[in-house]
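Data from protein.tsv: TSV, C-alpha atoms
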```
chain	number	residue	atom	x	y	z
A	1	MET	CA	-124.81	-117.54	-42.15
A	2	ASP	CA	-122.53	-115.26	-44.09
A	3	GLU	CA	-124.88	-113.13	-46.22
A	4	SER	CA	-122.34	-112.50	-48.97
A	5	ARG	CA	-121.88	-116.11	-50.16
A	6	PRO	CA	-124.48	-118.46	-51.60
A	7	ILE	CA	-126.18	-120.01	-48.59
A	8	PHE	CA	-126.58	-123.44	-50.18
A	9	VAL	CA	-122.78	-123.69	-50.47
A	10	GLN	CA	-122.46	-122.82	-46.78
A	11	ILE	CA	-125.03	-125.47	-45.87
A	12	ALA	CA	-123.08	-128.08	-47.83
A	13	GLU	CA	-119.88	-127.03	-46.01
A	14	GLN	CA	-121.61	-127.28	-42.63
A	15	ILE	CA	-122.79	-130.81	-43.36
A	16	GLU	CA	-119.29	-131.71	-44.57
A	17	ASN	CA	-117.81	-130.31	-41.34
A	18	ASP	CA	-120.13	-132.56	-39.33
A	19	ILE	CA	-119.06	-135.55	-41.41
A	20	ILE	CA	-115.35	-134.75	-40.92
A	21	ALA	CA	-115.88	-134.27	-37.17
A	22	GLY	CA	-117.71	-137.58	-37.02
A	23	THR	CA	-120.93	-136.00	-35.72
A	24	LEU	CA	-122.57	-137.47	-38.82
A	25	ALA	CA	-121.17	-140.99	-39.17
A	26	GLU	CA	-121.02	-142.88	-42.45
A	27	GLU	CA	-124.32	-144.64	-43.19
A	28	ALA	CA	-126.04	-142.36	-40.64
A	29	GLN	CA	-129.26	-140.64	-41.69
A	30	VAL	CA	-128.92	-136.89	-42.12
A	31	PRO	CA	-131.70	-134.46	-41.12
A	32	SER	CA	-134.39	-133.74	-43.71
A	33	THR	CA	-134.30	-130.65	-45.89
A	34	ASN	CA	-137.08	-129.11	-43.79
A	35	GLU	CA	-135.18	-129.81	-40.58
A	36	PHE	CA	-132.07	-128.14	-42.01
A	37	ALA	CA	-134.20	-125.20	-43.14
A	38	ALA	CA	-135.72	-124.73	-39.68
A	39	PHE	CA	-132.38	-125.17	-37.90
A	40	PHE	CA	-130.42	-122.73	-40.06
A	41	ARG	CA	-133.46	-120.46	-40.57
A	42	ILE	CA	-133.24	-120.61	-44.33
A	43	ASN	CA	-135.60	-121.29	-47.21
A	44	PRO	CA	-136.24	-125.05	-47.66
A	45	ALA	CA	-135.39	-124.75	-51.38
A	46	THR	CA	-131.96	-123.37	-50.42
A	47	ALA	CA	-131.41	-126.20	-47.94
A	48	GLY	CA	-132.44	-128.62	-50.68
A	49	ARG	CA	-129.86	-127.18	-53.06
A	50	GLY	CA	-127.13	-127.57	-50.41
A	51	VAL	CA	-128.06	-131.20	-49.83
A	52	GLY	CA	-128.29	-131.71	-53.62
A	53	LEU	CA	-124.71	-130.49	-54.02
A	54	LEU	CA	-123.53	-133.26	-51.68
A	55	VAL	CA	-125.68	-135.88	-53.43
A	56	ASP	CA	-124.11	-134.89	-56.78
A	57	ALA	CA	-120.65	-135.19	-55.20
A	58	GLY	CA	-121.47	-138.67	-53.87
A	59	ILE	CA	-121.10	-137.54	-50.23
A	60	LEU	CA	-124.77	-138.27	-49.46
A	61	TYR	CA	-127.12	-140.76	-51.06
A	62	LYS	CA	-130.88	-141.05	-51.20
A	63	LYS	CA	-132.92	-144.03	-50.02
A	64	ARG	CA	-136.23	-143.66	-51.75
A	65	GLY	CA	-139.04	-142.91	-49.30
A	66	ILE	CA	-136.75	-143.04	-46.27
A	67	GLY	CA	-134.35	-140.12	-46.50
A	68	MET	CA	-130.75	-139.05	-47.01
A	69	PHE	CA	-127.71	-140.94	-45.71
A	70	VAL	CA	-123.93	-140.39	-45.49
A	71	SER	CA	-122.14	-142.44	-48.17
A	72	PRO	CA	-119.48	-144.94	-47.18
A	73	GLY	CA	-116.04	-143.35	-47.64
A	74	ALA	CA	-117.53	-139.83	-47.48
A	75	GLN	CA	-115.24	-138.68	-44.69
A	76	SER	CA	-111.97	-139.54	-46.45
A	77	ALA	CA	-113.31	-138.15	-49.75
A	78	ILE	CA	-114.04	-134.77	-48.14
A	79	VAL	CA	-110.69	-134.65	-46.33
A	80	GLU	CA	-108.87	-135.54	-49.57
A	81	ARG	CA	-110.60	-132.78	-51.53
A	82	ARG	CA	-110.07	-130.19	-48.81
A	83	ARG	CA	-106.35	-131.08	-48.59
A	84	GLU	CA	-106.04	-130.28	-52.27
A	85	ALA	CA	-107.73	-126.93	-51.73
A	86	PHE	CA	-105.69	-126.17	-48.59
A	87	ARG	CA	-102.67	-124.97	-50.56
A	88	ASP	CA	-104.65	-122.47	-52.66
A	89	GLU	CA	-106.91	-121.25	-49.91
A	90	PHE	CA	-104.52	-121.04	-46.98
A	91	VAL	CA	-100.83	-121.62	-47.81
A	92	ARG	CA	-100.54	-119.26	-50.78
A	93	PRO	CA	-102.23	-116.26	-49.07
A	94	LEU	CA	-100.09	-116.95	-45.98
A	95	VAL	CA	-96.85	-116.95	-47.99
A	96	ASP	CA	-97.91	-113.84	-49.95
A	97	GLU	CA	-98.80	-111.88	-46.82
A	98	ALA	CA	-95.55	-112.96	-45.14
A	99	ALA	CA	-93.58	-111.74	-48.15
A	100	LYS	CA	-95.45	-108.40	-48.04
A	101	LEU	CA	-94.41	-107.98	-44.39
A	102	GLY	CA	-90.79	-109.10	-44.94
A	103	ILE	CA	-91.17	-112.29	-42.91
A	104	SER	CA	-88.63	-114.87	-44.10
A	105	THR	CA	-89.55	-118.47	-44.83
A	106	THR	CA	-87.52	-119.59	-41.78
A	107	GLN	CA	-89.32	-117.09	-39.54
A	108	LEU	CA	-92.65	-118.23	-40.95
A	109	ALA	CA	-91.84	-121.88	-40.25
A	110	ASP	CA	-90.79	-120.94	-36.70
A	111	MET	CA	-94.07	-119.09	-36.17
A	112	ILE	CA	-96.06	-122.14	-37.28
A	113	ARG	CA	-94.06	-124.40	-34.95
A	114	THR	CA	-94.57	-122.04	-32.00
A	115	GLU	CA	-98.28	-121.76	-32.73
A	116	LYS	CA	-98.60	-125.54	-32.86
A	117	GLN	CA	-96.99	-125.90	-29.42
A	118	ALA	CA	-99.10	-123.17	-27.83
B	1	MET	CA	-141.35	-124.14	-62.55
B	2	ASN	CA	-144.97	-123.02	-62.67
B	3	ALA	CA	-145.97	-119.43	-62.16
B	4	ALA	CA	-148.60	-118.57	-59.54
B	5	ILE	CA	-148.92	-115.07	-60.97
B	6	GLU	CA	-148.07	-113.73	-64.44
B	7	VAL	CA	-147.74	-109.99	-64.96
B	8	ARG	CA	-147.36	-108.43	-68.44
B	9	ASP	CA	-146.72	-104.74	-69.19
B	10	LEU	CA	-148.53	-103.68	-66.05
B	11	THR	CA	-148.90	-99.95	-65.52
B	12	LYS	CA	-150.66	-98.01	-62.79
B	13	ARG	CA	-150.94	-94.24	-62.86
B	14	PHE	CA	-152.37	-91.97	-60.17
B	15	GLY	CA	-152.88	-88.66	-62.00
B	16	ALA	CA	-149.44	-87.58	-63.16
B	17	VAL	CA	-147.65	-90.15	-61.01
B	18	THR	CA	-146.69	-93.49	-62.56
B	19	ALA	CA	-146.50	-95.83	-59.57
B	20	VAL	CA	-145.98	-99.00	-61.62
B	21	ASP	CA	-144.35	-98.55	-64.99
B	22	ALA	CA	-144.86	-101.27	-67.64
B	23	VAL	CA	-143.52	-104.16	-65.54
B	24	SER	CA	-143.50	-107.80	-66.57
B	25	PHE	CA	-142.56	-110.63	-64.25
B	26	SER	CA	-143.90	-113.84	-62.81
B	27	ILE	CA	-144.15	-115.08	-59.23
B	28	ARG	CA	-143.01	-118.69	-58.88
B	29	GLU	CA	-145.58	-121.07	-57.46
B	30	ASN	CA	-144.89	-122.44	-53.97
B	31	ALA	CA	-141.81	-120.27	-53.49
B	32	ILE	CA	-141.14	-117.46	-51.02
B	33	THR	CA	-140.46	-114.34	-53.07
B	34	GLY	CA	-139.11	-111.08	-51.64
B	35	LEU	CA	-140.38	-107.82	-53.11
B	36	LEU	CA	-137.51	-105.50	-52.30
B	37	GLY	CA	-137.09	-101.79	-52.79
B	38	ARG	CA	-137.05	-98.41	-51.13
B	39	ASN	CA	-140.07	-96.64	-49.70
B	40	GLY	CA	-142.22	-95.34	-52.55
B	41	ALA	CA	-140.71	-97.77	-55.06
B	42	GLY	CA	-144.18	-99.15	-55.85
B	43	LYS	CA	-144.21	-102.30	-53.70
B	44	THR	CA	-147.58	-101.68	-52.03
B	45	THR	CA	-149.28	-100.52	-55.24
B	46	LEU	CA	-148.02	-103.66	-56.98
B	47	MET	CA	-149.44	-105.87	-54.22
B	48	GLN	CA	-152.77	-104.02	-54.35
B	49	LEU	CA	-152.93	-104.63	-58.11
B	50	LEU	CA	-152.10	-108.32	-57.74
B	51	THR	CA	-154.80	-108.76	-55.10
B	52	GLY	CA	-157.45	-106.90	-57.05
B	53	GLN	CA	-157.60	-103.92	-54.67
B	54	GLN	CA	-156.59	-101.51	-57.41
B	55	PHE	CA	-157.42	-101.51	-61.10
B	56	ALA	CA	-154.52	-101.46	-63.53
B	57	THR	CA	-154.23	-98.52	-65.94
B	58	SER	CA	-152.99	-100.98	-68.57
B	59	GLY	CA	-151.41	-104.40	-68.86
B	60	SER	CA	-152.48	-107.80	-67.60
B	61	ILE	CA	-152.32	-109.83	-64.40
B	62	LEU	CA	-153.10	-113.52	-64.38
B	63	VAL	CA	-153.52	-115.37	-61.09
B	64	GLY	CA	-153.99	-119.06	-61.83
B	65	GLY	CA	-154.87	-118.05	-65.38
B	66	ALA	CA	-157.56	-115.47	-64.43
B	67	GLU	CA	-157.64	-111.72	-63.80
B	68	PRO	CA	-157.95	-111.15	-60.03
B	69	ALA	CA	-159.97	-107.90	-60.04
B	70	GLU	CA	-163.62	-108.55	-59.12
B	71	ASN	CA	-163.02	-112.29	-59.41
B	72	ALA	CA	-164.24	-114.01	-56.24
B	73	ALA	CA	-162.72	-117.40	-57.10
B	74	ALA	CA	-159.24	-115.91	-57.59
B	75	LEU	CA	-159.47	-113.63	-54.54
B	76	GLU	CA	-160.50	-116.49	-52.26
B	77	ARG	CA	-157.13	-118.11	-52.94
B	78	MET	CA	-155.25	-115.01	-51.79
B	79	CYS	CA	-154.54	-113.42	-48.44
B	80	PHE	CA	-153.11	-109.89	-48.35
B	81	VAL	CA	-151.65	-108.76	-45.01
B	82	ARG	CA	-151.44	-105.01	-45.32
B	83	GLU	CA	-149.25	-102.66	-43.40
B	84	ALA	CA	-152.28	-100.67	-42.24
B	85	GLN	CA	-155.16	-103.14	-42.12
B	86	ARG	CA	-158.46	-101.66	-40.94
B	87	TYR	CA	-161.07	-103.60	-39.01
B	88	PRO	CA	-164.67	-102.82	-38.04
B	89	GLU	CA	-164.82	-100.27	-35.21
B	90	ASP	CA	-165.88	-102.58	-32.34
B	91	PHE	CA	-163.83	-105.62	-33.33
B	92	ARG	CA	-161.80	-107.39	-30.69
B	93	VAL	CA	-158.88	-109.68	-31.60
B	94	GLN	CA	-161.09	-112.76	-31.24
B	95	HIS	CA	-163.61	-111.31	-33.71
B	96	VAL	CA	-160.89	-110.87	-36.31
B	97	LEU	CA	-159.83	-114.50	-35.90
B	98	ARG	CA	-163.39	-115.84	-35.88
B	99	SER	CA	-164.35	-113.97	-39.03
B	100	ALA	CA	-161.16	-115.02	-40.84
B	101	ARG	CA	-162.52	-118.49	-41.52
B	102	TRP	CA	-165.33	-116.98	-43.61
B	103	PHE	CA	-162.74	-115.51	-45.95
B	104	PHE	CA	-160.17	-118.30	-46.06
B	105	PRO	CA	-161.29	-121.85	-46.89
B	106	GLU	CA	-158.01	-123.32	-45.58
B	107	TRP	CA	-158.15	-121.41	-42.26
B	108	ASP	CA	-156.55	-123.38	-39.38
B	109	ALA	CA	-158.07	-122.18	-36.10
B	110	ALA	CA	-155.77	-124.34	-33.94
B	111	PHE	CA	-152.68	-122.92	-35.64
B	112	ALA	CA	-154.06	-119.40	-35.15
B	113	GLN	CA	-154.48	-120.15	-31.43
B	114	THR	CA	-150.84	-121.31	-31.17
B	115	LEU	CA	-149.68	-118.12	-32.89
B	116	VAL	CA	-151.81	-115.96	-30.56
B	117	THR	CA	-149.97	-117.55	-27.63
B	118	ASP	CA	-146.59	-117.12	-29.36
B	119	PHE	CA	-147.21	-113.41	-29.90
B	120	ARG	CA	-148.98	-113.01	-26.49
B	121	LEU	CA	-151.99	-111.36	-28.11
B	122	PRO	CA	-154.86	-110.27	-25.82
B	123	LEU	CA	-157.91	-111.92	-27.44
B	124	THR	CA	-160.54	-109.75	-25.77
B	125	ARG	CA	-158.86	-106.41	-26.39
B	126	ARG	CA	-160.39	-104.07	-28.96
B	127	VAL	CA	-158.29	-103.94	-32.13
B	128	LYS	CA	-158.15	-100.14	-32.05
B	129	LYS	CA	-156.58	-100.29	-28.56
B	130	LEU	CA	-153.72	-102.54	-29.71
B	131	SER	CA	-150.15	-101.28	-29.93
B	132	ARG	CA	-148.58	-100.98	-33.39
B	133	GLY	CA	-146.64	-104.21	-32.79
B	134	GLN	CA	-149.74	-106.11	-31.61
B	135	LEU	CA	-151.62	-104.92	-34.68
B	136	SER	CA	-148.83	-106.25	-36.87
B	137	ALA	CA	-148.96	-109.55	-34.97
B	138	VAL	CA	-152.71	-109.87	-35.67
B	139	GLY	CA	-151.95	-109.47	-39.38
B	140	ILE	CA	-149.24	-112.11	-39.20
B	141	VAL	CA	-151.54	-114.57	-37.41
B	142	VAL	CA	-154.21	-114.07	-40.09
B	143	GLY	CA	-151.64	-114.35	-42.89
B	144	LEU	CA	-150.09	-117.57	-41.60
B	145	ALA	CA	-153.23	-119.34	-40.34
B	146	SER	CA	-155.13	-118.49	-43.57
B	147	ARG	CA	-152.90	-121.04	-45.38
B	148	ALA	CA	-154.00	-119.19	-48.50
B	149	PRO	CA	-152.41	-120.64	-51.66
B	150	ILE	CA	-151.02	-117.15	-52.32
B	151	THR	CA	-150.17	-115.00	-49.29
B	152	PHE	CA	-148.88	-111.43	-49.45
B	153	PHE	CA	-147.17	-109.77	-46.50
B	154	ASP	CA	-146.57	-106.04	-46.97
B	155	GLU	CA	-143.90	-104.95	-44.46
B	156	PRO	CA	-145.67	-107.10	-41.85
B	157	TYR	CA	-143.38	-106.41	-38.89
B	158	LEU	CA	-143.90	-102.69	-38.09
B	159	GLY	CA	-143.56	-102.13	-34.36
B	160	LEU	CA	-142.54	-105.72	-33.71
B	161	ASP	CA	-139.44	-106.22	-31.60
B	162	ALA	CA	-136.57	-108.49	-32.66
B	163	VAL	CA	-137.92	-111.46	-30.68
B	164	ALA	CA	-141.38	-111.23	-32.25
B	165	ARG	CA	-139.90	-110.84	-35.73
B	166	GLN	CA	-137.85	-113.98	-35.18
B	167	ILE	CA	-141.01	-115.83	-34.10
B	168	PHE	CA	-142.67	-114.70	-37.35
B	169	TYR	CA	-139.73	-115.90	-39.49
B	170	ASP	CA	-139.53	-119.26	-37.67
B	171	ARG	CA	-143.29	-119.96	-37.86
B	172	LEU	CA	-143.39	-118.89	-41.50
B	173	LEU	CA	-140.56	-121.26	-42.45
B	174	ALA	CA	-141.90	-124.19	-40.43
B	175	ASP	CA	-145.46	-123.83	-41.73
B	176	TYR	CA	-144.31	-123.20	-45.30
B	177	ALA	CA	-142.19	-126.38	-45.16
B	178	GLU	CA	-145.23	-128.41	-44.09
B	179	HIS	CA	-147.74	-126.61	-46.30
B	180	PRO	CA	-145.85	-125.30	-49.33
B	181	ARG	CA	-147.56	-122.27	-50.85
B	182	THR	CA	-146.77	-119.07	-52.67
B	183	VAL	CA	-145.60	-116.30	-50.34
B	184	VAL	CA	-144.73	-112.75	-51.38
B	185	LEU	CA	-143.03	-110.67	-48.72
B	186	SER	CA	-142.27	-107.00	-49.23
B	187	THR	CA	-139.54	-105.72	-46.99
B	188	HIS	CA	-136.62	-103.41	-46.62
B	189	LEU	CA	-135.09	-105.49	-43.79
B	190	ILE	CA	-133.17	-107.45	-46.38
B	191	ASP	CA	-130.33	-108.71	-44.20
B	192	GLU	CA	-132.90	-110.08	-41.78
B	193	VAL	CA	-135.08	-111.97	-44.26
B	194	GLY	CA	-132.63	-112.66	-47.09
B	195	ALA	CA	-132.11	-116.28	-46.02
B	196	LEU	CA	-135.87	-116.97	-45.98
B	197	LEU	CA	-136.28	-116.07	-49.64
B	198	GLU	CA	-136.00	-118.28	-52.69
B	199	ARG	CA	-136.62	-115.49	-55.22
B	200	ALA	CA	-136.16	-111.74	-55.10
B	201	ILE	CA	-137.72	-109.02	-57.21
B	202	VAL	CA	-136.07	-105.64	-56.75
B	203	ILE	CA	-138.18	-102.68	-57.79
B	204	ASP	CA	-137.37	-99.02	-57.94
B	205	ASP	CA	-139.39	-96.10	-59.26
B	206	GLY	CA	-142.14	-98.45	-60.48
B	207	ARG	CA	-139.76	-100.63	-62.52
B	208	VAL	CA	-138.29	-104.10	-61.98
B	209	LEU	CA	-134.50	-103.84	-61.69
B	210	LEU	CA	-133.68	-107.44	-60.72
B	211	ASP	CA	-135.69	-110.65	-60.72
B	212	ASP	CA	-133.79	-113.82	-59.91
B	213	ASP	CA	-133.03	-116.62	-57.47
B	214	VAL	CA	-131.58	-115.12	-54.30
B	215	ASP	CA	-128.62	-117.50	-54.47
B	216	ALA	CA	-127.82	-116.28	-57.98
B	217	LEU	CA	-128.06	-112.64	-56.88
B	218	ARG	CA	-125.65	-113.14	-54.01
B	219	GLY	CA	-122.19	-112.91	-55.50
B	220	THR	CA	-123.29	-111.11	-58.66
B	221	LEU	CA	-121.57	-107.97	-57.41
B	222	THR	CA	-118.03	-107.63	-56.16
B	223	THR	CA	-116.24	-104.79	-54.44
B	224	VAL	CA	-112.72	-104.24	-55.81
B	225	THR	CA	-110.34	-102.29	-53.61
B	226	GLY	CA	-106.77	-101.14	-54.13
B	227	GLY	CA	-104.61	-98.31	-55.47
B	228	VAL	CA	-106.49	-95.88	-57.73
B	229	ALA	CA	-104.33	-96.63	-60.79
B	230	ALA	CA	-104.63	-100.41	-60.40
B	231	VAL	CA	-108.39	-100.20	-59.77
B	232	ASP	CA	-108.96	-97.95	-62.80
B	233	ALA	CA	-106.83	-100.18	-65.03
B	234	PHE	CA	-108.82	-103.23	-63.89
B	235	VAL	CA	-112.24	-101.60	-64.19
B	236	GLY	CA	-111.63	-100.44	-67.78
B	237	GLY	CA	-114.97	-100.45	-69.58
B	238	ARG	CA	-116.89	-102.37	-66.92
B	239	ARG	CA	-120.04	-100.81	-65.51
B	240	VAL	CA	-119.36	-99.36	-62.08
B	241	LEU	CA	-122.32	-99.27	-59.67
B	242	HIS	CA	-120.53	-97.42	-56.94
B	243	ARG	CA	-117.20	-95.80	-56.46
B	244	GLN	CA	-115.52	-94.43	-53.40
B	245	SER	CA	-112.02	-93.16	-52.94
B	246	VAL	CA	-109.81	-92.02	-50.12
B	247	GLY	CA	-106.45	-90.51	-51.06
B	248	SER	CA	-104.70	-92.93	-53.40
B	249	PHE	CA	-107.11	-95.79	-52.60
B	250	ALA	CA	-110.28	-96.59	-54.47
B	251	SER	CA	-113.10	-99.04	-53.93
B	252	VAL	CA	-115.55	-99.83	-56.72
B	253	THR	CA	-118.56	-102.13	-56.96
B	254	VAL	CA	-118.80	-104.01	-60.25
B	255	GLY	CA	-120.90	-106.90	-61.56
B	256	GLY	CA	-120.25	-110.14	-63.37
B	257	LEU	CA	-116.61	-111.06	-62.68
B	258	ASP	CA	-115.67	-114.47	-64.06
B	259	ASP	CA	-112.82	-116.60	-62.70
B	260	ALA	CA	-110.31	-115.16	-65.17
B	261	ALA	CA	-111.19	-111.58	-64.19
B	262	ARG	CA	-110.88	-112.50	-60.52
B	263	ALA	CA	-107.45	-114.01	-61.12
B	264	ASP	CA	-106.41	-110.83	-63.00
B	265	ALA	CA	-107.54	-108.67	-60.08
B	266	VAL	CA	-105.65	-110.75	-57.54
B	267	ARG	CA	-102.51	-110.65	-59.71
B	268	ALA	CA	-102.84	-106.84	-59.87
B	269	GLY	CA	-102.76	-106.81	-56.06
B	270	LEU	CA	-106.45	-105.86	-55.70
B	271	GLU	CA	-108.70	-107.05	-52.90
B	272	LEU	CA	-112.03	-108.63	-53.87
B	273	ALA	CA	-114.99	-108.77	-51.51
B	274	PRO	CA	-118.48	-110.11	-52.20
B	275	VAL	CA	-121.51	-107.82	-51.82
B	276	SER	CA	-124.43	-108.92	-49.62
B	277	LEU	CA	-128.02	-108.99	-50.86
B	278	GLN	CA	-128.81	-105.86	-48.83
B	279	GLN	CA	-125.86	-104.01	-50.37
B	280	LEU	CA	-126.81	-105.33	-53.81
B	281	VAL	CA	-130.24	-103.73	-53.46
B	282	VAL	CA	-128.77	-100.47	-52.14
B	283	ARG	CA	-126.24	-100.31	-54.98
B	284	THR	CA	-128.67	-101.16	-57.78
B	285	THR	CA	-131.46	-98.88	-56.57
B	286	THR	CA	-129.21	-95.88	-55.89
B	287	SER	CA	-127.38	-96.18	-59.19
B	288	ALA	CA	-130.68	-96.47	-61.09
B	289	ALA	CA	-131.97	-93.34	-59.37
B	290	ASP	CA	-128.79	-91.40	-60.06
B	291	PRO	CA	-127.26	-92.15	-63.47
B	292	SER	CA	-124.16	-90.13	-62.56
B	293	ALA	CA	-123.28	-92.88	-60.07
B	294	SER	CA	-122.32	-95.16	-62.95
B	295	THR	CA	-119.38	-92.96	-63.75
B	296	GLY	CA	-119.75	-91.24	-60.47
B	297	THR	CA	-117.60	-90.50	-57.52
B	298	GLU	CA	-117.93	-90.13	-53.84
B	299	GLU	CA	-114.75	-88.46	-52.74
B	300	LEU	CA	-113.92	-88.69	-49.08
B	301	GLU	CA	-110.81	-86.59	-49.04
```
For the structure just supplied, provide its representation as structure tokens.
Amino acid sequence: MDESRPIFVQIAEQIENDIIAGTLAEEAQVPSTNEFAAFFRINPATAGRGVGLLVDAGILYKKRGIGMFVSPGAQSAIVERRREAFRDEFVRPLVDEAAKLGISTTQLADMIRTEKQA
Amino acid sequence: MNAAIEVRDLTKRFGAVTAVDAVSFSIRENAITGLLGRNGAGKTTLMQLLTGQQFATSGSILVGGAEPAENAAALERMCFVREAQRYPEDFRVQHVLRSARWFFPEWDAAFAQTLVTDFRLPLTRRVKKLSRGQLSAVGIVVGLASRAPITFFDEPYLGLDAVARQIFYDRLLADYAEHPRTVVLSTHLIDEVGALLERAIVIDDGRVLLDDDVDALRGTLTTVTGGVAAVDAFVGGRRVLHRQSVGSFASVTVGGLDDAARADAVRAGLELAPVSLQQLVVRTTTSAADPSASTGTEELE
């Protein structure tokens, strides 16, 4: 865990990563709040807030008395939202830093291509 | 959210020293609360007051609606694991564990046995022959296996190595998840226990500086770094908790930046970095102790 960001946000991201990777399939049951708390060594209330974030976003849904499950369509919904954020979080800082260092757009594109082949 | 403990205008003086200075706060029921602060901040005195081991000079404490001092019914619901717990002279570890069930109605002897194995405690050894770490482990076993509705741990890990501390944190979390109860943990190992806490109360010089959900506290402070002119222009009238400069660079810690302010900072070419809970406590307690830090400087030239 990264101590400087709210831990419940990091928990939500971790669960999302598992859904994108397919480790948690759609309609699969996700671990309980207490299991998340023990695994990540965090307060159960914090784990509960992380899970709650995903319930509010429709990524997880509750079956009363049974537990928490991955919603149908969760994977594509997460990927879609992260693609929208990709530009702000990754492309813009990359372009800004390249400009600071005098790297041209062509050079930058070449670097990305080379990296992809490596 | 119900309060397990309500404190109003509580003051404790020892002669000329004011150890606890007119504090008011409440401890949330069935949450793990961290009592954070430097040595001598008043953490232990506060815990002694809450558990009826000291009498308040003034103010009120309500535990489940009743004053705890000389109140057997209230005290029976509490377990206080002190940093320097004393036991009868001839007591061996097994005597401590056997007598614990007289004090704690919810005592779980089987759980205590598991913990003794986890911490590799020698049951037949005299308590006064134990190492500092083993003595701490005895306190932790009593604190956890007591299952007291309100459990206080005052710096419970002295002398424990990293492995044993991790065992404590893991057992605490697992048992708390199964048997939710109110836990108050005083500590200065904030980075180590930060994730275990739901609430944090930061005290300094007998006063409460911060009292909030840990998740809300994380991210309340931001470090802004960049050229001195740009940093100063951005800071303007904001309250600065810490400032450091090297040559033409400056780094300041400020609170409460909204999205617009963050965008302004980025446009001005400044770097923003979040401040961890540990750093938050260091920054707030040092700036409270030294008012000059709010305008202050720490030149490294």
message = If we count all atoms listed in the file and set the cut-off at 6 Å, which residues sit around Phe69 (chain A), ignoring sequence neighbours fewer than 4 positions away in its own chain? Please answer as an MDAnalysis selection string.
response = chainID A and resid 27:30 60:61
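Put simply, CA of Ala31 (chain B) is 23.2 Å away from CA of Asp56 (chain A).
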Selection: 10 Å around Pro88 (chain B), all atoms listed in the file, excl. self and same-chain fewer than 6 positions, as an mmCIF file with C-alpha atoms, in the coordinates of the input:
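Result file is part.cif:
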```cif
data_model
loop_
_atom_site.group_PDB
_atom_site.id
_atom_site.type_symbol
_atom_site.label_atom_id
_atom_site.label_comp_id
_atom_site.auth_asym_id
_atom_site.auth_seq_id
_atom_site.Cartn_x
_atom_site.Cartn_y
_atom_site.Cartn_z
ATOM 1 C CA HIS B 95 -163.610 -111.310 -33.710
ATOM 2 C CA VAL B 96 -160.890 -110.870 -36.310
ATOM 3 C CA VAL B 127 -158.290 -103.940 -32.130
ATOM 4 C CA LYS B 128 -158.150 -100.140 -32.050
#
```
request  = Write down, as a PyMOL selection string, each residue of chain A that has any atom within 8 Å of an atom of chain B, counting all atoms listed in the file.
outcome  = chain A and resi 3-8+34+37-38+41-46
request  = Measure the distance from CA of Gly255 (chain B) to CA of Val9 (chain A) in Å and round it to one decimal.
outcome  =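 Computing the Euclidean distance for CA of Gly255 (chain B) and CA of Val9 (chain A) yields 20.2 Å.
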Take the point (-148.0, -96.3, -62.5) as written in the file and pick out every residue within 9 Å of it, counting all atoms listed in the file; give the list as a CSV table (one decimal) with C-alpha atoms, in the frame of the given file.
```
chain,number,residue,atom,x,y,z
B,10,LEU,CA,-148.5,-103.7,-66.0
B,11,THR,CA,-148.9,-100.0,-65.5
B,12,LYS,CA,-150.7,-98.0,-62.8
B,13,ARG,CA,-150.9,-94.2,-62.9
B,14,PHE,CA,-152.4,-92.0,-60.2
B,16,ALA,CA,-149.4,-87.6,-63.2
B,17,VAL,CA,-147.6,-90.2,-61.0
B,18,THR,CA,-146.7,-93.5,-62.6
B,19,ALA,CA,-146.5,-95.8,-59.6
B,20,VAL,CA,-146.0,-99.0,-61.6
B,21,ASP,CA,-144.4,-98.6,-65.0
B,22,ALA,CA,-144.9,-101.3,-67.6
B,42,GLY,CA,-144.2,-99.2,-55.8
B,45,THR,CA,-149.3,-100.5,-55.2
B,56,ALA,CA,-154.5,-101.5,-63.5
B,57,THR,CA,-154.2,-98.5,-65.9
B,206,GLY,CA,-142.1,-98.4,-60.5
```
